[in-house]
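S.K.: File upload.cif below, mmCIF, C-alpha atoms:
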```
data_target
#
loop_
_atom_site.group_PDB
_atom_site.id
_atom_site.type_symbol
_atom_site.label_atom_id
_atom_site.label_comp_id
_atom_site.auth_asym_id
_atom_site.auth_seq_id
_atom_site.Cartn_x
_atom_site.Cartn_y
_atom_site.Cartn_z
ATOM 1 C CA MET F 1 -36.328 135.415 99.486
ATOM 2 C CA ALA F 2 -35.009 137.262 96.419
ATOM 3 C CA VAL F 3 -33.226 139.872 98.526
ATOM 4 C CA VAL F 4 -31.641 137.214 100.729
ATOM 5 C CA ALA F 5 -30.539 135.263 97.681
ATOM 6 C CA VAL F 6 -28.886 138.207 96.011
ATOM 7 C CA GLY F 7 -27.320 138.933 99.383
ATOM 8 C CA VAL F 8 -25.143 135.892 98.932
ATOM 9 C CA LEU F 9 -24.843 136.233 95.161
ATOM 10 C CA LEU F 10 -21.227 136.802 94.175
ATOM 11 C CA SER F 11 -20.121 137.350 97.792
ATOM 12 C CA PHE F 12 -16.625 136.091 98.463
ATOM 13 C CA THR F 13 -15.469 138.779 100.890
ATOM 14 C CA GLY F 14 -16.619 141.847 102.741
ATOM 15 C CA PRO F 15 -15.115 145.329 102.950
ATOM 16 C CA SER F 16 -11.351 145.224 102.862
ATOM 17 C CA THR F 17 -8.530 147.006 104.598
ATOM 18 C CA ALA F 18 -4.954 147.729 103.627
ATOM 19 C CA THR F 19 -1.646 147.378 105.423
ATOM 20 C CA ASP F 20 1.200 149.878 105.510
ATOM 21 C CA SER F 21 4.081 147.664 104.380
ATOM 22 C CA VAL F 22 5.326 147.566 100.778
ATOM 23 C CA GLY F 23 6.415 143.989 101.437
ATOM 24 C CA GLY F 24 8.931 143.249 98.675
ATOM 25 C CA VAL F 25 6.837 144.130 95.622
ATOM 26 C CA THR F 26 8.969 144.067 92.471
ATOM 27 C CA ALA F 27 9.314 147.021 90.106
ATOM 28 C CA ALA F 28 7.120 145.229 87.542
ATOM 29 C CA ARG F 29 4.105 145.616 89.798
ATOM 30 C CA SER F 30 2.003 148.364 91.307
ATOM 31 C CA GLY F 31 2.742 149.310 94.888
ATOM 32 C CA SER F 32 6.510 148.955 94.537
ATOM 33 C CA ALA F 33 8.940 151.636 95.654
ATOM 34 C CA VAL F 34 9.133 152.963 92.067
ATOM 35 C CA SER F 35 5.463 152.527 91.206
ATOM 36 C CA LEU F 36 3.183 155.383 90.192
ATOM 37 C CA ILE F 37 0.531 153.737 92.385
ATOM 38 C CA PRO F 38 1.457 153.832 96.088
ATOM 39 C CA TRP F 39 1.112 150.676 98.149
ATOM 40 C CA SER F 40 -0.958 152.593 100.691
ATOM 41 C CA THR F 41 -3.718 153.196 98.107
ATOM 42 C CA LEU F 42 -4.266 149.457 97.541
ATOM 43 C CA ASP F 43 -6.678 147.641 99.814
ATOM 44 C CA LYS F 44 -6.072 144.025 100.776
ATOM 45 C CA HIS F 45 -7.342 142.721 97.434
ATOM 46 C CA GLY F 46 -4.997 144.921 95.430
ATOM 47 C CA GLN F 47 -2.116 144.026 97.705
ATOM 48 C CA ARG F 48 -2.815 140.321 97.184
ATOM 49 C CA VAL F 49 -2.839 140.783 93.418
ATOM 50 C CA VAL F 50 0.527 142.561 93.307
ATOM 51 C CA THR F 51 2.194 140.157 95.743
ATOM 52 C CA GLY F 52 0.638 136.965 94.392
ATOM 53 C CA GLY F 53 1.855 134.228 92.113
ATOM 54 C CA ALA F 54 5.003 132.157 91.882
ATOM 55 C CA THR F 55 6.739 134.554 89.455
ATOM 56 C CA PRO F 56 6.888 137.977 91.122
ATOM 57 C CA ASP F 57 8.586 139.658 88.151
ATOM 58 C CA THR F 58 5.537 139.243 85.885
ATOM 59 C CA ILE F 59 3.604 142.453 85.265
ATOM 60 C CA ARG F 60 0.568 143.110 87.418
ATOM 61 C CA VAL F 61 -0.963 146.582 87.574
ATOM 62 C CA TYR F 62 -3.704 147.365 90.077
ATOM 63 C CA ALA F 63 -5.251 150.777 90.773
ATOM 64 C CA GLY F 64 -7.153 150.812 94.036
ATOM 65 C CA LEU F 65 -10.264 152.738 94.889
ATOM 66 C CA HIS F 66 -8.094 155.250 96.770
ATOM 67 C CA SER F 67 -5.460 155.523 94.024
ATOM 68 C CA GLY F 68 -7.486 158.286 92.352
ATOM 69 C CA PRO F 69 -10.595 160.360 93.092
ATOM 70 C CA ASP F 70 -12.728 159.091 90.193
ATOM 71 C CA PRO F 71 -12.877 156.337 87.533
ATOM 72 C CA ARG F 72 -11.144 158.451 84.885
ATOM 73 C CA SER F 73 -8.183 159.342 87.082
ATOM 74 C CA ARG F 74 -7.789 155.717 88.209
ATOM 75 C CA ALA F 75 -7.953 154.476 84.615
ATOM 76 C CA ASP F 76 -5.417 157.057 83.426
ATOM 77 C CA LEU F 77 -3.112 156.194 86.308
ATOM 78 C CA ALA F 78 -3.368 152.480 85.504
ATOM 79 C CA VAL F 79 -2.514 153.143 81.844
ATOM 80 C CA ASP F 80 0.470 155.303 82.845
ATOM 81 C CA GLU F 81 1.588 152.457 85.092
ATOM 82 C CA LEU F 82 1.233 150.003 82.211
ATOM 83 C CA ASP F 83 3.491 152.282 80.211
ATOM 84 C CA ARG F 84 6.008 152.459 83.049
ATOM 85 C CA VAL F 85 6.389 148.698 83.312
ATOM 86 C CA GLY F 86 6.429 148.087 79.544
ATOM 87 C CA ALA F 87 3.117 146.228 79.462
ATOM 88 C CA PHE F 88 2.221 147.478 75.989
ATOM 89 C CA ASP F 89 5.307 145.715 74.619
ATOM 90 C CA ARG F 90 3.977 142.336 75.765
ATOM 91 C CA ASP F 91 2.052 139.970 73.512
ATOM 92 C CA VAL F 92 -1.061 139.809 75.699
ATOM 93 C CA LEU F 93 -2.720 142.347 77.986
ATOM 94 C CA VAL F 94 -5.340 140.902 80.335
ATOM 95 C CA VAL F 95 -7.896 143.375 81.653
ATOM 96 C CA ALA F 96 -9.086 141.613 84.813
ATOM 97 C CA VAL F 97 -12.336 143.200 86.000
ATOM 98 C CA PRO F 98 -12.670 142.720 89.785
ATOM 99 C CA THR F 99 -15.753 141.657 91.683
ATOM 100 C CA GLY F 100 -17.545 144.339 93.673
ATOM 101 C CA SER F 101 -15.176 144.179 96.625
ATOM 102 C CA GLY F 102 -12.101 144.523 94.392
ATOM 103 C CA TRP F 103 -11.209 140.823 94.489
ATOM 104 C CA VAL F 104 -9.517 139.152 91.507
ATOM 105 C CA ASP F 105 -9.149 135.359 91.486
ATOM 106 C CA GLU F 106 -5.490 134.449 91.930
ATOM 107 C CA ALA F 107 -6.129 131.072 90.290
ATOM 108 C CA ALA F 108 -6.715 132.836 86.966
ATOM 109 C CA LEU F 109 -3.734 135.187 87.239
ATOM 110 C CA SER F 110 -1.325 132.468 88.324
ATOM 111 C CA GLU F 111 -2.274 130.284 85.368
ATOM 112 C CA VAL F 112 -1.692 133.180 82.958
ATOM 113 C CA ASP F 113 1.706 133.755 84.592
ATOM 114 C CA ALA F 114 2.562 130.060 84.345
ATOM 115 C CA ARG F 115 1.587 129.737 80.690
ATOM 116 C CA LEU F 116 2.730 133.073 79.276
ATOM 117 C CA GLY F 117 5.262 134.378 81.778
ATOM 118 C CA ARG F 118 6.814 137.631 80.584
ATOM 119 C CA ARG F 119 4.751 137.604 77.397
ATOM 120 C CA ALA F 120 1.713 138.838 79.323
ATOM 121 C CA ALA F 121 0.628 141.664 81.612
ATOM 122 C CA THR F 122 -2.524 142.108 83.683
ATOM 123 C CA VAL F 123 -4.341 145.233 84.830
ATOM 124 C CA SER F 124 -7.249 145.780 87.208
ATOM 125 C CA VAL F 125 -8.992 148.917 88.448
ATOM 126 C CA GLN F 126 -11.143 148.795 91.579
ATOM 127 C CA TYR F 127 -14.546 150.482 91.473
ATOM 128 C CA SER F 128 -15.943 149.622 94.914
ATOM 129 C CA ASP F 129 -14.967 148.213 98.285
ATOM 130 C CA SER F 130 -18.464 147.007 99.126
ATOM 131 C CA PRO F 131 -19.272 143.318 99.516
ATOM 132 C CA SER F 132 -19.920 141.964 96.051
ATOM 133 C CA TRP F 133 -23.560 141.178 96.737
ATOM 134 C CA LEU F 134 -24.180 144.795 97.732
ATOM 135 C CA ALA F 135 -22.308 146.098 94.691
ATOM 136 C CA TYR F 136 -24.417 143.819 92.489
ATOM 137 C CA LEU F 137 -27.582 145.308 93.948
ATOM 138 C CA THR F 138 -26.627 148.975 94.087
ATOM 139 C CA GLU F 139 -23.384 149.681 92.188
ATOM 140 C CA ARG F 140 -23.610 148.012 88.808
ATOM 141 C CA ASP F 141 -23.442 151.425 87.152
ATOM 142 C CA ARG F 142 -20.105 152.034 88.898
ATOM 143 C CA ALA F 143 -18.801 148.681 87.677
ATOM 144 C CA LEU F 144 -19.874 149.489 84.128
ATOM 145 C CA ASP F 145 -18.438 153.021 84.231
ATOM 146 C CA ALA F 146 -15.072 151.904 85.592
ATOM 147 C CA THR F 147 -14.706 149.093 83.054
ATOM 148 C CA SER F 148 -15.757 151.273 80.124
ATOM 149 C CA THR F 149 -13.396 154.042 81.200
ATOM 150 C CA LEU F 150 -10.438 151.678 81.520
ATOM 151 C CA LEU F 151 -11.058 150.048 78.124
ATOM 152 C CA THR F 152 -11.326 153.480 76.493
ATOM 153 C CA ALA F 153 -8.101 154.668 78.153
ATOM 154 C CA ILE F 154 -6.244 151.538 77.015
ATOM 155 C CA THR F 155 -7.587 151.843 73.460
ATOM 156 C CA ASP F 156 -6.584 155.507 73.266
ATOM 157 C CA ARG F 157 -3.042 154.704 74.398
ATOM 158 C CA LEU F 158 -2.721 151.813 71.951
ATOM 159 C CA SER F 159 -3.839 154.036 69.080
ATOM 160 C CA HIS F 160 -0.488 155.829 69.297
ATOM 161 C CA ARG F 161 1.444 152.620 68.666
ATOM 162 C CA PRO F 162 2.071 150.901 65.311
ATOM 163 C CA ILE F 163 -0.534 148.276 64.533
ATOM 164 C CA ASP F 164 1.943 145.405 64.725
ATOM 165 C CA GLN F 165 3.194 146.578 68.128
ATOM 166 C CA ARG F 166 -0.047 146.325 70.047
ATOM 167 C CA PRO F 167 -0.779 143.500 72.488
ATOM 168 C CA ASP F 168 -3.810 141.272 72.163
ATOM 169 C CA VAL F 169 -6.290 142.564 74.758
ATOM 170 C CA VAL F 170 -8.397 139.980 76.580
ATOM 171 C CA VAL F 171 -11.061 141.098 79.060
ATOM 172 C CA TYR F 172 -11.568 138.665 81.931
ATOM 173 C CA GLY F 173 -14.179 138.834 84.665
ATOM 174 C CA GLN F 174 -15.740 136.568 87.226
ATOM 175 C CA SER F 175 -19.239 137.033 88.644
ATOM 176 C CA LEU F 176 -20.011 140.767 88.749
ATOM 177 C CA GLY F 177 -16.728 141.323 86.908
ATOM 178 C CA ALA F 178 -18.027 139.196 84.033
ATOM 179 C CA TRP F 179 -21.264 141.176 83.982
ATOM 180 C CA ALA F 180 -19.369 144.485 83.907
ATOM 181 C CA ALA F 181 -17.071 143.289 81.104
ATOM 182 C CA ARG F 182 -20.002 142.271 78.912
ATOM 183 C CA ALA F 183 -21.979 145.422 79.700
ATOM 184 C CA ALA F 184 -18.984 147.644 78.900
ATOM 185 C CA LEU F 185 -18.404 145.974 75.551
ATOM 186 C CA ASP F 186 -22.106 146.093 74.706
ATOM 187 C CA ALA F 187 -21.953 149.861 75.182
ATOM 188 C CA ALA F 188 -18.495 150.406 73.659
ATOM 189 C CA PRO F 189 -17.963 152.250 70.356
ATOM 190 C CA PRO F 190 -16.579 150.220 67.436
ATOM 191 C CA HIS F 191 -12.966 151.376 67.840
ATOM 192 C CA VAL F 192 -12.893 150.077 71.425
ATOM 193 C CA ARG F 193 -14.458 146.744 70.480
ATOM 194 C CA SER F 194 -11.984 146.281 67.637
ATOM 195 C CA ALA F 195 -9.082 146.637 70.075
ATOM 196 C CA VAL F 196 -10.365 143.738 72.193
ATOM 197 C CA CYS F 197 -9.408 140.218 71.198
ATOM 198 C CA GLY F 198 -12.146 138.580 73.246
ATOM 199 C CA THR F 199 -13.587 138.033 76.690
ATOM 200 C CA VAL F 200 -13.515 135.261 79.254
ATOM 201 C CA SER F 201 -16.669 135.242 81.376
ATOM 202 C CA VAL F 202 -16.446 133.074 84.481
ATOM 203 C CA GLY F 203 -19.587 132.173 86.409
ATOM 204 C CA PRO F 204 -21.429 135.135 84.854
ATOM 205 C CA PRO F 205 -24.764 136.239 86.293
ATOM 206 C CA PRO F 206 -27.605 136.634 83.802
ATOM 207 C CA SER F 207 -26.502 139.120 81.145
ATOM 208 C CA ARG F 208 -27.998 142.582 80.747
ATOM 209 C CA SER F 209 -28.179 141.816 77.019
ATOM 210 C CA PRO F 210 -29.885 138.728 75.578
ATOM 211 C CA GLY F 211 -28.026 138.997 72.284
ATOM 212 C CA PRO F 212 -24.637 137.560 71.293
ATOM 213 C CA SER F 213 -21.450 139.056 72.653
ATOM 214 C CA PRO F 214 -19.994 141.849 70.487
ATOM 215 C CA VAL F 215 -16.550 140.184 70.646
ATOM 216 C CA PRO F 216 -15.480 136.521 70.819
ATOM 217 C CA ASP F 217 -16.499 135.237 74.245
ATOM 218 C CA THR F 218 -15.420 132.161 76.183
ATOM 219 C CA VAL F 219 -17.730 131.152 79.029
ATOM 220 C CA VAL F 220 -16.308 129.176 81.948
ATOM 221 C CA SER F 221 -19.246 127.960 83.991
ATOM 222 C CA ASN F 222 -20.042 124.933 86.111
ATOM 223 C CA ALA F 223 -23.397 123.249 85.668
ATOM 224 C CA SER F 224 -23.623 123.164 89.469
ATOM 225 C CA ASP F 225 -23.126 126.952 89.734
ATOM 226 C CA PRO F 226 -26.495 128.573 90.529
ATOM 227 C CA VAL F 227 -25.270 132.124 89.802
ATOM 228 C CA PRO F 228 -25.539 132.082 85.967
ATOM 229 C CA THR F 229 -29.170 130.987 86.016
ATOM 230 C CA TRP F 230 -30.511 132.487 89.233
ATOM 231 C CA SER F 231 -33.368 134.901 88.590
ATOM 232 C CA PRO F 232 -36.805 135.495 90.099
ATOM 233 C CA SER F 233 -38.182 134.773 86.624
ATOM 234 C CA THR F 234 -37.397 131.091 87.204
ATOM 235 C CA ILE F 235 -40.291 130.968 89.629
ATOM 236 C CA VAL F 236 -42.561 130.591 86.607
ATOM 237 C CA ASP F 237 -40.189 129.984 83.653
ATOM 238 C CA PRO F 238 -37.323 127.529 83.132
ATOM 239 C CA PRO F 239 -33.849 129.114 83.326
ATOM 240 C CA ARG F 240 -31.863 129.763 80.177
ATOM 241 C CA ARG F 241 -28.617 127.798 80.353
ATOM 242 C CA ASP F 242 -25.547 128.534 78.285
ATOM 243 C CA SER F 243 -24.688 125.541 76.129
ATOM 244 C CA ARG F 244 -21.005 125.972 76.972
ATOM 245 C CA VAL F 245 -21.261 125.114 80.659
ATOM 246 C CA ARG F 246 -18.994 122.438 82.106
ATOM 247 C CA THR F 247 -21.106 119.456 83.119
ATOM 248 C CA ASP F 248 -19.620 118.819 86.548
ATOM 249 C CA SER F 249 -22.935 117.476 87.858
ATOM 250 C CA PRO F 250 -26.326 116.435 86.463
ATOM 251 C CA VAL F 251 -28.689 119.316 85.719
ATOM 252 C CA PRO F 252 -31.877 118.847 87.739
ATOM 253 C CA PRO F 253 -35.282 119.142 86.067
ATOM 254 C CA TRP F 254 -37.138 122.423 86.453
ATOM 255 C CA PHE F 255 -40.311 122.759 88.518
ATOM 256 C CA PRO F 256 -42.235 126.004 89.077
ATOM 257 C CA VAL F 257 -41.425 127.718 92.408
ATOM 258 C CA LEU F 258 -39.628 124.655 93.776
ATOM 259 C CA SER F 259 -36.639 125.005 91.445
ATOM 260 C CA PHE F 260 -36.248 128.687 92.312
ATOM 261 C CA ALA F 261 -36.337 127.909 96.015
ATOM 262 C CA SER F 262 -33.747 125.164 95.528
ATOM 263 C CA ALA F 263 -31.448 127.425 93.506
ATOM 264 C CA THR F 264 -31.770 130.135 96.143
ATOM 265 C CA ALA F 265 -30.659 127.691 98.807
ATOM 266 C CA ASP F 266 -27.778 126.571 96.574
ATOM 267 C CA LEU F 267 -26.492 130.154 96.411
ATOM 268 C CA ILE F 268 -25.709 130.085 100.106
ATOM 269 C CA LEU F 269 -23.308 127.174 99.604
ATOM 270 C CA ALA F 270 -22.109 128.012 96.094
ATOM 271 C CA THR F 271 -18.764 129.480 97.145
ATOM 272 C CA GLY F 272 -18.035 126.737 99.657
ATOM 273 C CA ALA F 273 -17.576 124.033 97.033
ATOM 274 C CA PRO F 274 -14.144 122.868 95.882
ATOM 275 C CA ALA F 275 -12.725 124.498 92.754
ATOM 276 C CA GLY F 276 -14.511 123.191 89.676
ATOM 277 C CA HIS F 277 -17.898 123.008 91.382
ATOM 278 C CA GLY F 278 -20.530 125.517 92.399
ATOM 279 C CA HIS F 279 -19.374 129.124 92.159
ATOM 280 C CA ARG F 280 -15.704 128.211 92.556
ATOM 281 C CA TYR F 281 -13.234 128.110 89.689
ATOM 282 C CA GLY F 282 -9.584 127.208 89.236
ATOM 283 C CA PRO F 283 -6.771 127.374 86.678
ATOM 284 C CA GLU F 284 -9.154 126.656 83.801
ATOM 285 C CA GLN F 285 -9.912 130.386 83.871
ATOM 286 C CA GLY F 286 -6.323 131.269 83.007
ATOM 287 C CA ALA F 287 -6.207 128.540 80.374
ATOM 288 C CA ALA F 288 -9.267 130.076 78.706
ATOM 289 C CA ILE F 289 -7.595 133.503 78.716
ATOM 290 C CA VAL F 290 -4.510 132.096 77.010
ATOM 291 C CA ASP F 291 -6.614 130.141 74.513
ATOM 292 C CA GLN F 292 -8.315 133.366 73.392
ATOM 293 C CA THR F 293 -5.041 134.427 71.771
ATOM 294 C CA ALA F 294 -3.604 131.020 70.846
ATOM 295 C CA ASP F 295 -4.398 131.434 67.149
ATOM 296 C CA GLY F 296 -4.035 135.197 67.025
ATOM 297 C CA CYS F 297 -6.638 137.792 67.768
ATOM 298 C CA GLY F 298 -9.326 137.415 65.135
ATOM 299 C CA ASN F 299 -10.735 140.927 65.462
ATOM 300 C CA SER F 300 -7.601 142.838 66.512
ATOM 301 C CA PRO F 301 -5.346 145.031 64.359
ATOM 302 C CA ARG F 302 -2.425 142.704 65.105
ATOM 303 C CA ALA F 303 -4.175 139.766 63.428
ATOM 304 C CA ALA F 304 -4.423 141.725 60.188
ATOM 305 C CA SER F 305 -0.759 142.691 60.143
#
```
Using structure tokens, write down the structure that the file contains.

M.R.:
Amino acid sequence: MAVVAVGVLLSFTGPSTATDSVGGVTAARSGSAVSLIPWSTLDKHGQRVVTGGATPDTIRVYAGLHSGPDPRSRADLAVDELDRVGAFDRDVLVVAVPTGSGWVDEAALSEVDARLGRRAATVSVQYSDSPSWLAYLTERDRALDATSTLLTAITDRLSHRPIDQRPDVVVYGQSLGAWAARAALDAAPPHVRSAVCGTVSVGPPPSRSPGPSPVPDTVVSNASDPVPTWSPSTIVDPPRRDSRVRTDSPVPPWFPVLSFASATADLILATGAPAGHGHRYGPEQGAAIVDQTADGCGNSPRAAS
């Protein structure tokens, strides 16, 4: 039962394929005719990121799994691309950690575009093209390595800029992406943590670390989402629920064995709910990203300037 449950955990899509057409991507995005990252190296998820949204001139950088041979080369390429498009001159840089398949929720990116427009830039680096459930089972180390490498590359590049000319960095992730973001920051050295304004964790699975987040963290989670609390341990112990969850439905009482079986069944339908319920989220993700920097970045160099 546990294997079947995790088989649907975090699974929005399966392996992805790419198309050959550049398709009108603007110069502010990866995959364009002038981009350092060729369109042909982006799978369908990367192509959707760079062609998505209502404002195609906003900055979106995406390095696909085939854009470089290893996490370091993909991270360095993404940072060079951020330089090319002027992303480090923006007020906010969103590091959007994909799910295992490389998917990034357009609802979050579109809301950031709508609220911040040309004040913001987003960057994502793919670490797998496996279905997310399989990546969660077998490739969490790859997710952690890719996220850590990208954050280090960004921090190193920002260190060459004056303190008052660095964007506020917000790390956003949904599902496995949220797990990887938290794990990377847990393991990060102090100079990397200090460059990050905060995180937005959407529908996060149980954390690898029981302690508090090392940077300010906003959790976006539906009470009806079984992913954040699903664990075999709930067969005999009540789940630990984050106090910041959105109460979109009553929380059922816990019963040994029965509650675990019920939550396992809920996983199968969790992504079929409308946005705002189950394991589906909407523009509130982007709003949370923007809110992280609304009053300045409390632990960033910019806030002290």

S.K.: Expand the PyMOL selection byres ((chain F and resi 26) around 9) into the explicit residue set it covers here, and present it as a PyMOL selection string.

M.R.: chain F and resi 24-25+27-34+50-51+56-58

S.K.: If the PyMOL selection byres ((chain F and resi 53) around 10) were run on this exact file, what residues would it hold? Put them as a PDB file with C-alpha atoms, keeping the file's coordinate frame.

M.R.:
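Listed below is the output, result02.pdb:
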```
ATOM      1  CA  ARG F  48      -2.815 140.321  97.184  1.00  0.00           C
ATOM      2  CA  VAL F  49      -2.839 140.783  93.418  1.00  0.00           C
ATOM      3  CA  VAL F  50       0.527 142.561  93.307  1.00  0.00           C
ATOM      4  CA  THR F  51       2.194 140.157  95.743  1.00  0.00           C
ATOM      5  CA  GLY F  52       0.638 136.965  94.392  1.00  0.00           C
ATOM      6  CA  ALA F  54       5.003 132.157  91.882  1.00  0.00           C
ATOM      7  CA  THR F  55       6.739 134.554  89.455  1.00  0.00           C
ATOM      8  CA  PRO F  56       6.888 137.977  91.122  1.00  0.00           C
ATOM      9  CA  ASP F  57       8.586 139.658  88.151  1.00  0.00           C
ATOM     10  CA  THR F  58       5.537 139.243  85.885  1.00  0.00           C
ATOM     11  CA  GLU F 106      -5.490 134.449  91.930  1.00  0.00           C
ATOM     12  CA  ALA F 107      -6.129 131.072  90.290  1.00  0.00           C
ATOM     13  CA  LEU F 109      -3.734 135.187  87.239  1.00  0.00           C
ATOM     14  CA  SER F 110      -1.325 132.468  88.324  1.00  0.00           C
ATOM     15  CA  GLU F 111      -2.274 130.284  85.368  1.00  0.00           C
ATOM     16  CA  VAL F 112      -1.692 133.180  82.958  1.00  0.00           C
ATOM     17  CA  ASP F 113       1.706 133.755  84.592  1.00  0.00           C
ATOM     18  CA  ALA F 114       2.562 130.060  84.345  1.00  0.00           C
TER      19      ALA F 114
END
```

S.K.: Point out the residue among F:Val104, F:Ala184, F:Ala121, F:Leu36 with the least atom-to-atom distance to Ala143 in chain F, counting only C-alpha atoms.

M.R.: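 Counting only C-alpha atoms, the residue closest to Ala143 in chain F is F:Ala184.
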
S.K.: Please determine, counting only C-alpha atoms, which residue among F:Gly68, F:Gly211, F:Gly86, F:Gly198 has the shortest atom-to-atom distance to Ala294 in chain F.

M.R.: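 Checking each candidate against Ala294 in chain F, we get F:Gly198 as the closest.
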
S.K.: List the neighbours of Pro228 in chain F out to 6 Å using only C-alpha atoms; skip same-chain residues closer than 4 positions along the sequence, and give me the result as number ranges by chain.

M.R.: F: 203-206

S.K.: Just so the selection is clear, what residues does the PyMOL selection byres ((chain F and resi 82) around 10) cover here, as a list in words?

M.R.: Ala28, Arg29, Ser30, Leu36, Ile59, Arg60, Val61, Tyr62, Asp76, Leu77, Ala78, Val79, Asp80, Glu81, Asp83, Arg84, Val85, Gly86, Ala87, Phe88, Asp89, Leu93, Ala121, Thr122, Val123 and Ile154 of chain F

S.K.: Using 4 Å of padding on each side, determine the axis-aligned box around all atoms of range 221-227 of chain F present in the file and give its centre and edge lengths in Å to one decimal, as AutoDock Vina command-line options.

M.R.:
```
--center_x -22.9 --center_y 127.6 --center_z 87.3 --size_x 15.2 --size_y 17.0 --size_z 14.5
```

S.K.: I'd like the contact shell of Phe260 in chain F - 10 Å cut-off, only C-alpha atoms, skipping same-chain residues fewer than 4 positions apart - returned as a tab-separated table (two decimals) with C-alpha atoms, in the frame of the given file.

M.R.:
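The resulting file, selection23.tsv, is reproduced below:
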```tsv
chain	number	residue	atom	x	y	z
F	1	MET	CA	-36.33	135.42	99.49
F	2	ALA	CA	-35.01	137.26	96.42
F	226	PRO	CA	-26.50	128.57	90.53
F	229	THR	CA	-29.17	130.99	86.02
F	230	TRP	CA	-30.51	132.49	89.23
F	231	SER	CA	-33.37	134.90	88.59
F	232	PRO	CA	-36.80	135.50	90.10
F	233	SER	CA	-38.18	134.77	86.62
F	234	THR	CA	-37.40	131.09	87.20
F	235	ILE	CA	-40.29	130.97	89.63
F	236	VAL	CA	-42.56	130.59	86.61
F	237	ASP	CA	-40.19	129.98	83.65
F	238	PRO	CA	-37.32	127.53	83.13
F	239	PRO	CA	-33.85	129.11	83.33
F	254	TRP	CA	-37.14	122.42	86.45
F	255	PHE	CA	-40.31	122.76	88.52
F	256	PRO	CA	-42.24	126.00	89.08
F	264	THR	CA	-31.77	130.14	96.14
F	265	ALA	CA	-30.66	127.69	98.81
F	266	ASP	CA	-27.78	126.57	96.57
```

S.K.: Using all atoms listed in the file for the distances, tell me which of F:Val170, F:Val200, F:Ala288, F:Ala146 is nearest to Val94 in chain F.

M.R.: F:Val170

S.K.: How far is it from CA of Gln174 in chain F to CA of Gly102 in chain F, in Å with one decimal?

M.R.: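 Those two atoms sit 11.3 Å apart.
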
S.K.: Return the single residue from F:Val92, F:Cys197, F:Val219, F:Leu144 that is closest to Gly117 in chain F, with distances computed using only C-alpha atoms.

M.R.: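 Nearest to Gly117 in chain F: F:Val92.
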
S.K.: Could you state the separation of CA of Pro71 in chain F and CA of Val125 in chain F in Å, given to one decimal place?

M.R.: 8.4 Å

S.K.: Between F:Asp91, F:Asp43, F:Asp186, F:Asp141, which one has atoms that come closest to Ser67 in chain F, using all atoms listed in the file?

M.R.: F:Asp43

S.K.: Record the distance separating CA of Thr247 in chain F and CA of Arg182 in chain F, expressed in Å with one decimal.

M.R.: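 That distance, rounded to one decimal, is 23.2 Å.
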
S.K.: Between F:Asp70, F:Asp164, F:Asp291, F:Glu284, which residue has the minimum interatomic distance to Asp145 in chain F, considering all atoms listed in the file?

M.R.: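 The answer is F:Asp70, which sits nearest to Asp145 in chain F.
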
S.K.: Would you list the contacts of Ser221 in chain F as a ChimeraX atom specification, taking every protein, DNA or RNA residue within 10 Å and counting only C-alpha atoms, but skipping same-chain residues closer than 3 positions in sequence?

M.R.: /F:174,201-204,218,224-228,242-248,276-281,285

S.K.: Can you tell me which residues surround Thr99 in chain F at a distance of at most 10 Å, considering all atoms listed in the file, apart from same-chain residues fewer than 5 positions away, and format the answer as number ranges by chain?

M.R.: F: 10-13, 104-105, 126-133, 135-136, 143, 173-180
